[in-house]
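So this block is data-v3.cif, mmCIF, N, CA and C atoms:
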```cif
data_target
#
loop_
_atom_site.label_atom_id
_atom_site.label_comp_id
_atom_site.auth_asym_id
_atom_site.auth_seq_id
_atom_site.Cartn_x
_atom_site.Cartn_y
_atom_site.Cartn_z
N MET A 1 2.49 -8.88 -6.98
CA MET A 1 2.58 -9.94 -5.99
C MET A 1 1.52 -9.69 -4.94
N PRO A 2 0.69 -10.66 -4.62
CA PRO A 2 -0.33 -10.46 -3.60
C PRO A 2 0.30 -10.04 -2.27
N SER A 3 -0.40 -9.17 -1.56
CA SER A 3 0.14 -8.66 -0.31
C SER A 3 0.46 -9.77 0.68
N SER A 4 -0.32 -10.84 0.67
CA SER A 4 -0.07 -11.93 1.61
C SER A 4 1.20 -12.69 1.27
N LEU A 5 1.69 -12.55 0.03
CA LEU A 5 2.90 -13.24 -0.39
C LEU A 5 4.13 -12.35 -0.38
N MET A 6 3.95 -11.09 -0.05
CA MET A 6 5.09 -10.19 -0.01
C MET A 6 6.03 -10.62 1.10
N PRO A 7 7.35 -10.53 0.84
CA PRO A 7 8.28 -10.90 1.90
C PRO A 7 8.12 -9.98 3.10
N PRO A 8 8.36 -10.50 4.29
CA PRO A 8 8.21 -9.66 5.49
C PRO A 8 9.23 -8.53 5.47
N VAL A 9 8.80 -7.42 6.02
CA VAL A 9 9.67 -6.25 6.13
C VAL A 9 9.98 -6.04 7.60
N PRO A 10 11.25 -5.84 7.94
CA PRO A 10 11.56 -5.59 9.35
C PRO A 10 10.78 -4.38 9.84
N ASP A 11 10.11 -4.51 10.97
CA ASP A 11 9.28 -3.42 11.49
C ASP A 11 10.09 -2.34 12.18
N GLY A 12 11.34 -2.63 12.53
CA GLY A 12 12.15 -1.69 13.28
C GLY A 12 12.28 -0.31 12.64
N ASP A 13 12.58 -0.26 11.35
CA ASP A 13 12.81 1.01 10.68
C ASP A 13 11.70 1.35 9.70
N GLU A 14 10.70 0.52 9.59
CA GLU A 14 9.65 0.73 8.60
C GLU A 14 8.52 1.58 9.17
N THR A 15 8.02 2.47 8.34
CA THR A 15 6.87 3.28 8.69
C THR A 15 5.68 2.77 7.89
N TRP A 16 4.60 2.47 8.58
CA TRP A 16 3.39 1.97 7.93
C TRP A 16 2.36 3.09 7.87
N LEU A 17 1.78 3.29 6.69
CA LEU A 17 0.85 4.39 6.44
C LEU A 17 -0.57 3.89 6.29
N THR A 18 -1.52 4.72 6.68
CA THR A 18 -2.93 4.43 6.42
C THR A 18 -3.22 4.76 4.96
N ALA A 19 -4.40 4.38 4.50
CA ALA A 19 -4.80 4.71 3.13
C ALA A 19 -4.86 6.23 2.95
N ARG A 20 -5.31 6.93 3.96
CA ARG A 20 -5.38 8.40 3.87
C ARG A 20 -3.98 9.00 3.72
N GLU A 21 -3.04 8.55 4.54
CA GLU A 21 -1.66 9.06 4.44
C GLU A 21 -1.05 8.72 3.09
N THR A 22 -1.32 7.51 2.61
CA THR A 22 -0.79 7.09 1.32
C THR A 22 -1.41 7.91 0.20
N SER A 23 -2.69 8.18 0.29
CA SER A 23 -3.35 8.97 -0.75
C SER A 23 -2.78 10.39 -0.79
N ASP A 24 -2.40 10.92 0.36
CA ASP A 24 -1.78 12.25 0.39
C ASP A 24 -0.42 12.23 -0.31
N ILE A 25 0.37 11.20 -0.05
CA ILE A 25 1.70 11.10 -0.67
C ILE A 25 1.57 10.88 -2.18
N ALA A 26 0.65 10.00 -2.57
CA ALA A 26 0.48 9.67 -3.99
C ALA A 26 -0.35 10.71 -4.74
N ARG A 27 -0.98 11.60 -4.00
CA ARG A 27 -1.83 12.65 -4.58
C ARG A 27 -2.98 12.06 -5.39
N VAL A 28 -3.62 11.06 -4.80
CA VAL A 28 -4.83 10.47 -5.38
C VAL A 28 -5.85 10.33 -4.25
N ALA A 29 -7.09 10.14 -4.62
CA ALA A 29 -8.14 9.95 -3.63
C ALA A 29 -8.02 8.59 -2.97
N GLU A 30 -8.47 8.48 -1.72
CA GLU A 30 -8.50 7.19 -1.03
C GLU A 30 -9.30 6.17 -1.84
N LYS A 31 -10.36 6.61 -2.45
CA LYS A 31 -11.20 5.73 -3.28
C LYS A 31 -10.39 5.16 -4.45
N THR A 32 -9.49 5.96 -5.00
CA THR A 32 -8.62 5.48 -6.09
C THR A 32 -7.74 4.35 -5.59
N LEU A 33 -7.17 4.49 -4.39
CA LEU A 33 -6.35 3.42 -3.81
C LEU A 33 -7.18 2.16 -3.64
N ALA A 34 -8.40 2.32 -3.16
CA ALA A 34 -9.29 1.16 -2.98
C ALA A 34 -9.57 0.49 -4.32
N ASN A 35 -9.82 1.29 -5.34
CA ASN A 35 -10.07 0.72 -6.68
C ASN A 35 -8.82 0.00 -7.19
N TRP A 36 -7.66 0.59 -6.99
CA TRP A 36 -6.41 -0.04 -7.43
C TRP A 36 -6.22 -1.37 -6.72
N ARG A 37 -6.51 -1.41 -5.41
CA ARG A 37 -6.37 -2.67 -4.67
C ARG A 37 -7.26 -3.74 -5.27
N SER A 38 -8.49 -3.38 -5.60
CA SER A 38 -9.43 -4.37 -6.15
C SER A 38 -9.00 -4.84 -7.54
N LEU A 39 -8.26 -4.01 -8.25
CA LEU A 39 -7.78 -4.36 -9.59
C LEU A 39 -6.40 -5.02 -9.57
N GLY A 40 -5.77 -5.06 -8.39
CA GLY A 40 -4.45 -5.66 -8.28
C GLY A 40 -3.34 -4.77 -8.80
N ILE A 41 -3.59 -3.47 -8.83
CA ILE A 41 -2.56 -2.52 -9.27
C ILE A 41 -2.32 -1.52 -8.14
N GLY A 42 -1.40 -0.61 -8.33
CA GLY A 42 -1.12 0.39 -7.32
C GLY A 42 0.00 -0.06 -6.40
N PRO A 43 0.28 0.74 -5.39
CA PRO A 43 1.39 0.42 -4.48
C PRO A 43 1.08 -0.83 -3.65
N PRO A 44 2.11 -1.60 -3.30
CA PRO A 44 1.91 -2.78 -2.46
C PRO A 44 1.34 -2.41 -1.10
N TYR A 45 0.60 -3.30 -0.53
CA TYR A 45 -0.05 -3.05 0.77
C TYR A 45 -0.12 -4.32 1.58
N ARG A 46 -0.45 -4.15 2.84
CA ARG A 46 -0.70 -5.28 3.75
C ARG A 46 -2.12 -5.14 4.28
N LYS A 47 -2.83 -6.22 4.33
CA LYS A 47 -4.17 -6.22 4.92
C LYS A 47 -4.04 -6.76 6.33
N LEU A 48 -4.43 -5.98 7.32
CA LEU A 48 -4.24 -6.34 8.71
C LEU A 48 -5.40 -7.11 9.31
N SER A 49 -6.55 -7.01 8.69
CA SER A 49 -7.70 -7.75 9.18
C SER A 49 -8.49 -8.26 7.97
N PRO A 50 -9.18 -9.37 8.12
CA PRO A 50 -9.86 -9.99 6.99
C PRO A 50 -11.12 -9.24 6.58
N GLY A 51 -11.62 -9.60 5.45
CA GLY A 51 -12.89 -9.07 4.98
C GLY A 51 -12.74 -7.85 4.12
N ARG A 52 -13.85 -7.50 3.53
CA ARG A 52 -13.88 -6.36 2.61
C ARG A 52 -13.51 -5.05 3.31
N ALA A 53 -13.91 -4.91 4.55
CA ALA A 53 -13.65 -3.68 5.29
C ALA A 53 -12.40 -3.78 6.16
N GLY A 54 -11.53 -4.76 5.86
CA GLY A 54 -10.33 -4.96 6.66
C GLY A 54 -9.39 -3.77 6.60
N ARG A 55 -8.63 -3.58 7.66
CA ARG A 55 -7.68 -2.48 7.73
C ARG A 55 -6.50 -2.75 6.80
N VAL A 56 -6.07 -1.72 6.09
CA VAL A 56 -4.98 -1.81 5.13
C VAL A 56 -3.89 -0.84 5.53
N ARG A 57 -2.64 -1.26 5.37
CA ARG A 57 -1.49 -0.39 5.62
C ARG A 57 -0.52 -0.51 4.46
N TYR A 58 0.16 0.58 4.21
CA TYR A 58 1.15 0.66 3.14
C TYR A 58 2.52 0.95 3.75
N SER A 59 3.54 0.27 3.25
CA SER A 59 4.91 0.54 3.66
C SER A 59 5.35 1.83 2.98
N ARG A 60 5.78 2.81 3.78
CA ARG A 60 6.18 4.10 3.20
C ARG A 60 7.28 3.93 2.17
N SER A 61 8.29 3.12 2.47
CA SER A 61 9.40 2.96 1.54
C SER A 61 8.94 2.29 0.24
N ARG A 62 8.00 1.37 0.33
CA ARG A 62 7.49 0.71 -0.88
C ARG A 62 6.59 1.63 -1.70
N VAL A 63 5.85 2.50 -1.03
CA VAL A 63 5.03 3.49 -1.74
C VAL A 63 5.94 4.44 -2.52
N ILE A 64 6.99 4.92 -1.87
CA ILE A 64 7.93 5.84 -2.52
C ILE A 64 8.59 5.14 -3.71
N ALA A 65 9.01 3.89 -3.52
CA ALA A 65 9.63 3.13 -4.62
C ALA A 65 8.65 2.96 -5.77
N TRP A 66 7.39 2.67 -5.45
CA TRP A 66 6.37 2.51 -6.49
C TRP A 66 6.16 3.83 -7.24
N LEU A 67 6.10 4.93 -6.52
CA LEU A 67 5.92 6.23 -7.16
C LEU A 67 7.10 6.59 -8.06
N ASN A 68 8.29 6.15 -7.67
CA ASN A 68 9.49 6.42 -8.46
C ASN A 68 9.68 5.43 -9.59
N GLY A 69 8.76 4.49 -9.74
CA GLY A 69 8.84 3.51 -10.82
C GLY A 69 9.81 2.38 -10.53
N GLU A 70 10.30 2.30 -9.31
CA GLU A 70 11.25 1.25 -8.95
C GLU A 70 10.55 -0.07 -8.70
N GLN A 71 9.28 -0.01 -8.39
CA GLN A 71 8.50 -1.22 -8.16
C GLN A 71 7.23 -1.07 -8.99
N THR A 72 7.05 -1.96 -9.93
CA THR A 72 5.91 -1.83 -10.82
C THR A 72 4.79 -2.81 -10.52
N GLU A 73 5.02 -3.75 -9.61
CA GLU A 73 3.99 -4.72 -9.28
C GLU A 73 2.99 -4.12 -8.30
N GLY A 74 1.72 -4.31 -8.59
CA GLY A 74 0.69 -3.92 -7.64
C GLY A 74 0.45 -5.05 -6.66
N ALA A 75 -0.44 -4.85 -5.77
CA ALA A 75 -0.80 -5.88 -4.80
C ALA A 75 -2.24 -6.26 -5.01
N ALA A 76 -2.56 -7.48 -4.66
CA ALA A 76 -3.95 -7.92 -4.84
C ALA A 76 -4.67 -7.91 -3.51
#
```

Now, as a test, write the supplied structure out as structure tokens.
Amino acid sequence: MPSSLMPPVPDGDETWLTARETSDIARVAEKTLANWRSLGIGPPYRKLSPGRAGRVRYSRSRVIAWLNGEQTEGAA
């Protein structure tokens, strides 16, 4: 599901991670996350600013769910 179409997550209890923090949790390089985003695979993410160099954040709970195989859809 494209990140722009993901249902909103309440911000109160949610922790948002940078690509670096996500890469540490997933044990992959930041470049791998970027490649996954361009291919529409990998953990779901939110793009906070437009353009190729836009800031990206990952929901910690969704990253963990993706790593555990509970969520198989990537984000575009």

Atom CA of Gly51 of chain A to atom CA of Ala65 of chain A, distance in Å rounded to a single decimal: 27.4 Å

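Distance-wise, atom C of Ala53 of chain A and atom N of Glu70 of chain A end up 28.1 Å apart.
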
Atom pair atom C of Arg52 of chain A / atom N of Trp36 of chain A: separation (Å): 13.1 Å

Please return the centre and edge lengths, in Å to one decimal, of a box with edges along x, y and z that contains all listed atoms of segment 31-44 of chain A, widened by 4 Å on every side, as lines of an AutoDock Vina configuration file.
```
center_x = -4.5
center_y = 0.5
center_z = -5.3
size_x = 21.3
size_y = 20.3
size_z = 16.5
```

Residue nearest Gly69 of chain A - candidates A:Ile25, A:Leu33, A:Pro43, A:Thr18, atoms counted: only C-alpha atoms: A:Pro43

Residues matched by the PyMOL selection byres (((chain A and resi 55 and name CA) around 12) and name CA), written as a ChimeraX atom specification: /A:16-20,34,45-54,56-58

Apply DSSP to the structure's backbone, then extract all residues of segment 13-64 of chain A labelled helix (DSSP H, G or I) and return them as a PDB file with N, CA and C atoms, in the coordinates of the input.
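Saved to out-v4.pdb:
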```
ATOM      1  N   ALA A  19      -4.400   4.380   4.500  1.00  0.00           N
ATOM      2  CA  ALA A  19      -4.800   4.710   3.130  1.00  0.00           C
ATOM      3  C   ALA A  19      -4.860   6.230   2.950  1.00  0.00           C
ATOM      4  N   ARG A  20      -5.310   6.930   3.960  1.00  0.00           N
ATOM      5  CA  ARG A  20      -5.380   8.400   3.870  1.00  0.00           C
ATOM      6  C   ARG A  20      -3.980   9.000   3.720  1.00  0.00           C
ATOM      7  N   GLU A  21      -3.040   8.550   4.540  1.00  0.00           N
ATOM      8  CA  GLU A  21      -1.660   9.060   4.440  1.00  0.00           C
ATOM      9  C   GLU A  21      -1.050   8.720   3.090  1.00  0.00           C
ATOM     10  N   THR A  22      -1.320   7.510   2.610  1.00  0.00           N
ATOM     11  CA  THR A  22      -0.790   7.090   1.320  1.00  0.00           C
ATOM     12  C   THR A  22      -1.410   7.910   0.200  1.00  0.00           C
ATOM     13  N   SER A  23      -2.690   8.180   0.290  1.00  0.00           N
ATOM     14  CA  SER A  23      -3.350   8.970  -0.750  1.00  0.00           C
ATOM     15  C   SER A  23      -2.780  10.390  -0.790  1.00  0.00           C
ATOM     16  N   ASP A  24      -2.400  10.920   0.360  1.00  0.00           N
ATOM     17  CA  ASP A  24      -1.780  12.250   0.390  1.00  0.00           C
ATOM     18  C   ASP A  24      -0.420  12.230  -0.310  1.00  0.00           C
ATOM     19  N   ILE A  25       0.370  11.200  -0.050  1.00  0.00           N
ATOM     20  CA  ILE A  25       1.700  11.100  -0.670  1.00  0.00           C
ATOM     21  C   ILE A  25       1.570  10.880  -2.180  1.00  0.00           C
ATOM     22  N   ALA A  26       0.650  10.000  -2.570  1.00  0.00           N
ATOM     23  CA  ALA A  26       0.480   9.670  -3.990  1.00  0.00           C
ATOM     24  C   ALA A  26      -0.350  10.710  -4.740  1.00  0.00           C
ATOM     25  N   GLU A  30      -8.470   8.480  -1.720  1.00  0.00           N
ATOM     26  CA  GLU A  30      -8.500   7.190  -1.030  1.00  0.00           C
ATOM     27  C   GLU A  30      -9.300   6.170  -1.840  1.00  0.00           C
ATOM     28  N   LYS A  31     -10.360   6.610  -2.450  1.00  0.00           N
ATOM     29  CA  LYS A  31     -11.200   5.730  -3.280  1.00  0.00           C
ATOM     30  C   LYS A  31     -10.390   5.160  -4.450  1.00  0.00           C
ATOM     31  N   THR A  32      -9.490   5.960  -5.000  1.00  0.00           N
ATOM     32  CA  THR A  32      -8.620   5.480  -6.090  1.00  0.00           C
ATOM     33  C   THR A  32      -7.740   4.350  -5.590  1.00  0.00           C
ATOM     34  N   LEU A  33      -7.170   4.490  -4.390  1.00  0.00           N
ATOM     35  CA  LEU A  33      -6.350   3.420  -3.810  1.00  0.00           C
ATOM     36  C   LEU A  33      -7.180   2.160  -3.640  1.00  0.00           C
ATOM     37  N   ALA A  34      -8.400   2.320  -3.160  1.00  0.00           N
ATOM     38  CA  ALA A  34      -9.290   1.160  -2.980  1.00  0.00           C
ATOM     39  C   ALA A  34      -9.570   0.490  -4.320  1.00  0.00           C
ATOM     40  N   ASN A  35      -9.820   1.290  -5.340  1.00  0.00           N
ATOM     41  CA  ASN A  35     -10.070   0.720  -6.680  1.00  0.00           C
ATOM     42  C   ASN A  35      -8.820   0.000  -7.190  1.00  0.00           C
ATOM     43  N   TRP A  36      -7.660   0.590  -6.990  1.00  0.00           N
ATOM     44  CA  TRP A  36      -6.410  -0.040  -7.430  1.00  0.00           C
ATOM     45  C   TRP A  36      -6.220  -1.370  -6.720  1.00  0.00           C
ATOM     46  N   ARG A  37      -6.510  -1.410  -5.410  1.00  0.00           N
ATOM     47  CA  ARG A  37      -6.370  -2.670  -4.670  1.00  0.00           C
ATOM     48  C   ARG A  37      -7.260  -3.740  -5.270  1.00  0.00           C
ATOM     49  N   SER A  38      -8.490  -3.380  -5.600  1.00  0.00           N
ATOM     50  CA  SER A  38      -9.430  -4.370  -6.150  1.00  0.00           C
ATOM     51  C   SER A  38      -9.000  -4.840  -7.540  1.00  0.00           C
ATOM     52  N   LEU A  39      -8.260  -4.010  -8.250  1.00  0.00           N
ATOM     53  CA  LEU A  39      -7.780  -4.360  -9.590  1.00  0.00           C
ATOM     54  C   LEU A  39      -6.400  -5.020  -9.570  1.00  0.00           C
ATOM     55  N   ARG A  60       5.780   2.810   3.780  1.00  0.00           N
ATOM     56  CA  ARG A  60       6.180   4.100   3.200  1.00  0.00           C
ATOM     57  C   ARG A  60       7.280   3.930   2.170  1.00  0.00           C
ATOM     58  N   SER A  61       8.290   3.120   2.470  1.00  0.00           N
ATOM     59  CA  SER A  61       9.400   2.960   1.540  1.00  0.00           C
ATOM     60  C   SER A  61       8.940   2.290   0.240  1.00  0.00           C
ATOM     61  N   ARG A  62       8.000   1.370   0.330  1.00  0.00           N
ATOM     62  CA  ARG A  62       7.490   0.710  -0.880  1.00  0.00           C
ATOM     63  C   ARG A  62       6.590   1.630  -1.700  1.00  0.00           C
ATOM     64  N   VAL A  63       5.850   2.500  -1.030  1.00  0.00           N
ATOM     65  CA  VAL A  63       5.030   3.490  -1.740  1.00  0.00           C
ATOM     66  C   VAL A  63       5.940   4.440  -2.520  1.00  0.00           C
ATOM     67  N   ILE A  64       6.990   4.920  -1.870  1.00  0.00           N
ATOM     68  CA  ILE A  64       7.930   5.840  -2.520  1.00  0.00           C
ATOM     69  C   ILE A  64       8.590   5.140  -3.710  1.00  0.00           C
TER      70      ILE A  64
END
```

Residues returned when the PyMOL selection byres (((chain A and resi 61 and name CA) around 10) and name CA) runs on this file, as a list in words: Asp13, Glu14, Thr15, Trp16, Leu17, Tyr58, Ser59, Arg60, Arg62, Val63, Ile64, Ala65, Trp66 and Leu67 of chain A

Members of segment 20-71 of chain A assigned strand (DSSP E or B) by DSSP, as a PyMOL selection string: chain A and resi 46-47+56-59
